[in-house]
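The file target28.pdb contains PDB, C-alpha atoms, pLDDT in the B column:
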```
MODEL        1
ATOM      1  CA  MET A   1     141.414  85.343  59.163  1.00 94.00           C
ATOM      2  CA  THR A   2     141.848  86.066  55.468  1.00 97.00           C
ATOM      3  CA  ILE A   3     138.943  86.764  53.150  1.00 98.00           C
ATOM      4  CA  ASN A   4     139.929  86.023  49.576  1.00 97.00           C
ATOM      5  CA  LEU A   5     137.653  87.282  46.800  1.00 98.00           C
ATOM      6  CA  ILE A   6     138.135  85.995  43.280  1.00 98.00           C
ATOM      7  CA  ALA A   7     136.064  87.927  40.752  1.00 97.00           C
ATOM      8  CA  VAL A   8     135.938  87.516  37.002  1.00 96.00           C
ATOM      9  CA  GLY A   9     136.180  90.919  35.333  1.00 94.00           C
ATOM     10  CA  LYS A  10     137.195  94.356  36.493  1.00 93.00           C
ATOM     11  CA  LEU A  11     134.917  97.030  37.882  1.00 93.00           C
ATOM     12  CA  LYS A  12     134.404  99.686  35.223  1.00 91.00           C
ATOM     13  CA  GLU A  13     132.329 102.293  37.022  1.00 94.00           C
ATOM     14  CA  ASP A  14     133.832 104.611  39.646  1.00 96.00           C
ATOM     15  CA  TYR A  15     130.807 104.336  41.933  1.00 96.00           C
ATOM     16  CA  LEU A  16     131.217 100.535  42.138  1.00 96.00           C
ATOM     17  CA  ARG A  17     134.969 100.795  42.736  1.00 96.00           C
ATOM     18  CA  ASN A  18     134.346 103.393  45.453  1.00 97.00           C
ATOM     19  CA  ALA A  19     131.717 101.237  47.160  1.00 97.00           C
ATOM     20  CA  CYS A  20     134.047  98.214  47.123  1.00 97.00           C
ATOM     21  CA  ALA A  21     136.928 100.302  48.455  1.00 97.00           C
ATOM     22  CA  GLU A  22     134.764 101.471  51.353  1.00 97.00           C
ATOM     23  CA  TYR A  23     133.808  97.939  52.393  1.00 97.00           C
ATOM     24  CA  ILE A  24     137.376  96.702  51.969  1.00 97.00           C
ATOM     25  CA  LYS A  25     138.512  99.530  54.257  1.00 97.00           C
ATOM     26  CA  ARG A  26     135.876  98.563  56.834  1.00 97.00           C
ATOM     27  CA  LEU A  27     136.869  94.888  56.596  1.00 97.00           C
ATOM     28  CA  SER A  28     140.504  95.718  57.411  1.00 97.00           C
ATOM     29  CA  ARG A  29     139.460  95.955  61.057  1.00 96.00           C
ATOM     30  CA  TYR A  30     138.420  92.288  61.055  1.00 96.00           C
ATOM     31  CA  CYS A  31     140.513  90.415  58.519  1.00 97.00           C
ATOM     32  CA  THR A  32     143.154  90.449  55.853  1.00 97.00           C
ATOM     33  CA  PHE A  33     141.464  90.953  52.502  1.00 98.00           C
ATOM     34  CA  GLU A  34     142.780  89.741  49.158  1.00 97.00           C
ATOM     35  CA  LEU A  35     141.188  90.544  45.801  1.00 97.00           C
ATOM     36  CA  HIS A  36     142.018  88.602  42.654  1.00 97.00           C
ATOM     37  CA  GLU A  37     140.470  89.973  39.468  1.00 96.00           C
ATOM     38  CA  ILE A  38     140.465  87.366  36.719  1.00 95.00           C
ATOM     39  CA  ASP A  39     140.347  88.470  33.093  1.00 94.00           C
ATOM     40  CA  GLU A  40     136.965  87.826  31.524  1.00 94.00           C
ATOM     41  CA  CYS A  41     137.146  85.920  28.248  1.00 94.00           C
ATOM     42  CA  ARG A  42     135.944  87.899  25.254  1.00 91.00           C
ATOM     43  CA  LEU A  43     133.045  86.326  23.414  1.00 92.00           C
ATOM     44  CA  SER A  44     131.174  87.129  20.227  1.00 89.00           C
ATOM     45  CA  ASN A  45     127.888  89.062  20.435  1.00 90.00           C
ATOM     46  CA  SER A  46     125.882  85.839  20.131  1.00 93.00           C
ATOM     47  CA  PRO A  47     128.152  83.152  21.555  1.00 94.00           C
ATOM     48  CA  SER A  48     127.307  79.509  21.113  1.00 94.00           C
ATOM     49  CA  GLU A  49     126.986  77.203  24.103  1.00 95.00           C
ATOM     50  CA  LYS A  50     130.327  75.670  23.107  1.00 95.00           C
ATOM     51  CA  GLU A  51     132.031  79.112  23.122  1.00 96.00           C
ATOM     52  CA  ILE A  52     130.558  79.925  26.531  1.00 96.00           C
ATOM     53  CA  LEU A  53     131.679  76.618  28.041  1.00 96.00           C
ATOM     54  CA  ALA A  54     135.191  77.065  26.617  1.00 96.00           C
ATOM     55  CA  ALA A  55     135.379  80.589  28.092  1.00 97.00           C
ATOM     56  CA  LEU A  56     134.174  79.388  31.502  1.00 97.00           C
ATOM     57  CA  LYS A  57     136.773  76.605  31.429  1.00 97.00           C
ATOM     58  CA  LYS A  58     139.546  79.106  30.618  1.00 97.00           C
ATOM     59  CA  GLU A  59     138.396  81.460  33.387  1.00 97.00           C
ATOM     60  CA  GLY A  60     138.199  78.457  35.705  1.00 97.00           C
ATOM     61  CA  GLU A  61     141.868  77.656  35.133  1.00 97.00           C
ATOM     62  CA  GLN A  62     142.773  81.166  36.320  1.00 97.00           C
ATOM     63  CA  ILE A  63     140.421  80.887  39.294  1.00 98.00           C
ATOM     64  CA  LYS A  64     141.989  77.606  40.439  1.00 97.00           C
ATOM     65  CA  ARG A  65     145.383  79.298  40.754  1.00 96.00           C
ATOM     66  CA  CYS A  66     143.975  81.757  43.331  1.00 97.00           C
ATOM     67  CA  ALA A  67     141.519  79.545  45.219  1.00 97.00           C
ATOM     68  CA  LYS A  68     142.472  78.348  48.689  1.00 96.00           C
ATOM     69  CA  GLY A  69     140.971  77.559  52.064  1.00 96.00           C
ATOM     70  CA  PHE A  70     137.223  77.184  52.507  1.00 97.00           C
ATOM     71  CA  ILE A  71     135.783  77.917  49.061  1.00 97.00           C
ATOM     72  CA  ILE A  72     132.364  79.472  48.520  1.00 98.00           C
ATOM     73  CA  SER A  73     131.241  79.587  44.886  1.00 97.00           C
ATOM     74  CA  LEU A  74     128.481  82.067  44.124  1.00 95.00           C
ATOM     75  CA  CYS A  75     125.901  80.652  41.735  1.00 93.00           C
ATOM     76  CA  ILE A  76     122.175  80.987  41.196  1.00 91.00           C
ATOM     77  CA  GLU A  77     121.518  77.335  42.077  1.00 92.00           C
ATOM     78  CA  GLY A  78     123.389  77.633  45.375  1.00 95.00           C
ATOM     79  CA  LYS A  79     121.996  77.670  48.870  1.00 96.00           C
ATOM     80  CA  MET A  80     120.498  80.926  50.151  1.00 96.00           C
ATOM     81  CA  PHE A  81     121.557  82.218  53.557  1.00 96.00           C
ATOM     82  CA  ASP A  82     120.290  85.164  55.511  1.00 95.00           C
ATOM     83  CA  SER A  83     122.901  87.497  57.009  1.00 96.00           C
ATOM     84  CA  PRO A  84     123.102  85.776  60.427  1.00 96.00           C
ATOM     85  CA  GLN A  85     123.552  82.382  58.726  1.00 96.00           C
ATOM     86  CA  LEU A  86     126.426  83.720  56.608  1.00 97.00           C
ATOM     87  CA  SER A  87     128.005  85.235  59.706  1.00 96.00           C
ATOM     88  CA  LYS A  88     127.775  81.889  61.490  1.00 96.00           C
ATOM     89  CA  LYS A  89     129.237  80.019  58.512  1.00 96.00           C
ATOM     90  CA  ILE A  90     132.261  82.355  58.387  1.00 96.00           C
ATOM     91  CA  ALA A  91     132.755  82.133  62.174  1.00 95.00           C
ATOM     92  CA  ASP A  92     132.335  78.331  62.204  1.00 95.00           C
ATOM     93  CA  THR A  93     134.861  78.030  59.393  1.00 94.00           C
ATOM     94  CA  ALA A  94     137.436  79.938  61.435  1.00 89.00           C
ATOM     95  CA  VAL A  95     136.682  77.927  64.585  1.00 89.00           C
ATOM     96  CA  GLY A  96     137.011  74.760  62.478  1.00 89.00           C
ATOM     97  CA  GLY A  97     140.611  75.652  61.691  1.00 88.00           C
ATOM     98  CA  GLN A  98     140.327  77.325  58.277  1.00 90.00           C
ATOM     99  CA  SER A  99     142.117  80.663  58.273  1.00 94.00           C
ATOM    100  CA  VAL A 100     141.129  81.515  54.667  1.00 97.00           C
ATOM    101  CA  VAL A 101     137.643  81.841  53.205  1.00 97.00           C
ATOM    102  CA  THR A 102     137.544  82.286  49.438  1.00 98.00           C
ATOM    103  CA  PHE A 103     134.466  83.656  47.690  1.00 98.00           C
ATOM    104  CA  ILE A 104     134.259  83.246  43.903  1.00 97.00           C
ATOM    105  CA  ILE A 105     132.127  85.450  41.632  1.00 96.00           C
ATOM    106  CA  GLY A 106     131.978  84.397  37.989  1.00 95.00           C
ATOM    107  CA  SER A 107     131.360  86.340  34.819  1.00 92.00           C
ATOM    108  CA  SER A 108     127.936  87.211  33.441  1.00 88.00           C
ATOM    109  CA  PHE A 109     127.830  83.615  32.139  1.00 92.00           C
ATOM    110  CA  GLY A 110     128.557  82.202  35.596  1.00 93.00           C
ATOM    111  CA  LEU A 111     131.193  79.686  36.616  1.00 96.00           C
ATOM    112  CA  ASP A 112     132.551  76.487  35.128  1.00 96.00           C
ATOM    113  CA  ARG A 113     130.936  73.388  36.684  1.00 96.00           C
ATOM    114  CA  GLU A 114     134.338  72.280  38.042  1.00 96.00           C
ATOM    115  CA  ILE A 115     134.694  75.572  39.949  1.00 97.00           C
ATOM    116  CA  LYS A 116     131.181  75.299  41.368  1.00 96.00           C
ATOM    117  CA  ASP A 117     131.891  71.752  42.515  1.00 94.00           C
ATOM    118  CA  MET A 118     135.259  72.756  43.990  1.00 92.00           C
ATOM    119  CA  GLY A 119     133.459  74.904  46.527  1.00 85.00           C
ATOM    120  CA  ALA A 120     132.712  73.598  49.988  1.00 93.00           C
ATOM    121  CA  LEU A 121     129.557  75.698  49.655  1.00 96.00           C
ATOM    122  CA  GLN A 122     127.580  76.953  46.691  1.00 97.00           C
ATOM    123  CA  LEU A 123     125.914  80.214  47.695  1.00 97.00           C
ATOM    124  CA  SER A 124     123.119  82.089  45.970  1.00 96.00           C
ATOM    125  CA  MET A 125     122.620  85.738  46.833  1.00 93.00           C
ATOM    126  CA  SER A 126     119.066  85.734  45.531  1.00 91.00           C
ATOM    127  CA  PRO A 127     116.840  84.080  42.954  1.00 88.00           C
ATOM    128  CA  MET A 128     116.950  87.434  41.170  1.00 88.00           C
ATOM    129  CA  THR A 129     119.649  88.181  38.609  1.00 85.00           C
ATOM    130  CA  PHE A 130     122.172  90.939  39.365  1.00 85.00           C
ATOM    131  CA  PRO A 131     125.059  92.287  37.298  1.00 86.00           C
ATOM    132  CA  HIS A 132     128.155  90.433  38.495  1.00 83.00           C
ATOM    133  CA  GLN A 133     129.868  93.768  39.145  1.00 88.00           C
ATOM    134  CA  LEU A 134     127.075  94.807  41.518  1.00 93.00           C
ATOM    135  CA  ALA A 135     127.209  91.354  43.124  1.00 93.00           C
ATOM    136  CA  ARG A 136     130.763  92.161  44.220  1.00 95.00           C
ATOM    137  CA  VAL A 137     129.597  95.232  46.165  1.00 97.00           C
ATOM    138  CA  MET A 138     126.688  93.304  47.661  1.00 97.00           C
ATOM    139  CA  LEU A 139     128.937  90.429  48.721  1.00 97.00           C
ATOM    140  CA  LEU A 140     131.492  92.737  50.335  1.00 98.00           C
ATOM    141  CA  GLU A 141     128.702  94.439  52.262  1.00 97.00           C
ATOM    142  CA  GLN A 142     127.418  91.058  53.472  1.00 97.00           C
ATOM    143  CA  ILE A 143     130.892  89.931  54.543  1.00 98.00           C
ATOM    144  CA  TYR A 144     131.302  93.178  56.493  1.00 97.00           C
ATOM    145  CA  ARG A 145     127.834  92.677  57.990  1.00 97.00           C
ATOM    146  CA  SER A 146     128.847  89.126  58.963  1.00 97.00           C
ATOM    147  CA  PHE A 147     131.770  90.391  61.019  1.00 96.00           C
ATOM    148  CA  GLN A 148     129.559  93.036  62.620  1.00 96.00           C
ATOM    149  CA  ILE A 149     126.979  90.383  63.560  1.00 96.00           C
ATOM    150  CA  ALA A 150     129.678  88.151  65.064  1.00 94.00           C
ATOM    151  CA  GLU A 151     130.985  91.097  67.080  1.00 93.00           C
ATOM    152  CA  GLY A 152     127.510  92.158  68.215  1.00 91.00           C
ATOM    153  CA  GLY A 153     127.953  95.494  66.411  1.00 85.00           C
ATOM    154  CA  LYS A 154     125.195  98.021  65.754  1.00 82.00           C
ATOM    155  CA  TYR A 155     125.498  97.881  61.948  1.00 78.00           C
ATOM    156  CA  HIS A 156     123.208  94.862  61.587  1.00 67.00           C
ATOM    157  CA  LYS A 157     119.590  95.605  62.523  1.00 66.00           C
TER     158      LYS A 157
ENDMDL
END
```

Could you render the structure from this file as structure tokens?
Amino acid sequence: MTINLIAVGKLKEDYLRNACAEYIKRLSRYCTFELHEIDECRLSNSPSEKEILAALKKEGEQIKRCAKGFIISLCIEGKMFDSPQLSKKIADTAVGGQSVVTFIIGSSFGLDREIKDMGALQLSMSPMTFPHQLARVMLLEQIYRSFQIAEGGKYHK
């Protein structure tokens, strides 16, 4: 199985890069992992709605070039899963014949509507708001946890 993560923006802080690297290393036991970092569009300090939508559209065009397989778009209005449900969804996807699961994390302004709709699943991590850079670490941890749950590992309690 291949886990494909498309994320808008680069991680700036060492501690976030280190946390991601650790989970990517752990995931290598279970899957092939691909990371695609999409350049975040620069916006003015107080962007208009029109500017934001144009930026999301531009980012969306880059995202579409990397998206493949079973697509899961992360967005606040998505469905919330607990860890066992996410594990089951990933396992069921593989059993259903999809060898690639793509997760998409947008910028701080989210994702273009077309990208959200492109997903076979819209997933919300929480009704709370998190920095999108921290969301990447949290998602990688949950993907790792999903494989541990499927394996019956001790990591998930």

Next on the checklist: As a check of understanding, name the residues that the PyMOL selection byres ((chain A and resi 8-16) around 7) selects in the supplied structure, as a VMD selection string.
Outcome noted: chain A and resid 6 to 7 17 to 20 37 to 40 105 to 107 133 137

Next on the checklist: Here is a test: counting all atoms listed in the file, which residue of A:Glu34, A:Ser87, A:Asp82, A:Leu111 is nearest to Lys58 (chain A)?
Outcome noted: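 Checking each of A:Glu34, A:Ser87, A:Asp82, A:Leu111 against Lys58 (chain A), counting all atoms listed in the file, the winner is A:Leu111.
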
Checklist entry - Contacts of Ile3 (chain A) at 8 Å or less, counting only C-alpha atoms, minus same-chain residues fewer than 6 places along, as a list in words? => result Cys31, Thr32, Phe33, Glu34, Val100, Val101, Thr102 and Phe103 of chain A

Next on the checklist: Once the PyMOL selection byres ((chain A and resi 140) around 9) is applied to the coordinates I shared, what remains selected? I want it as number ranges by chain.
Outcome noted: A: 5, 20, 23-24, 27, 135-139, 141-145

Checklist entry - CA of Gly119 (chain A) to CA of Cys75 (chain A): how many Å, to one decimal? => result 10.6 Å

Checklist entry - By how many Å are CA of Cys41 (chain A) and CA of Asp117 (chain A) apart? => result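 Taking CA of Cys41 (chain A) as the start and CA of Asp117 (chain A) as the end point, the length is 20.8 Å.
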
Checklist entry - To one decimal place, how far is CA of Gly96 (chain A) from CA of Gln62 (chain A) in Å? => result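 Interatomic distance, CA of Gly96 (chain A) to CA of Gln62 (chain A): 27.5 Å.
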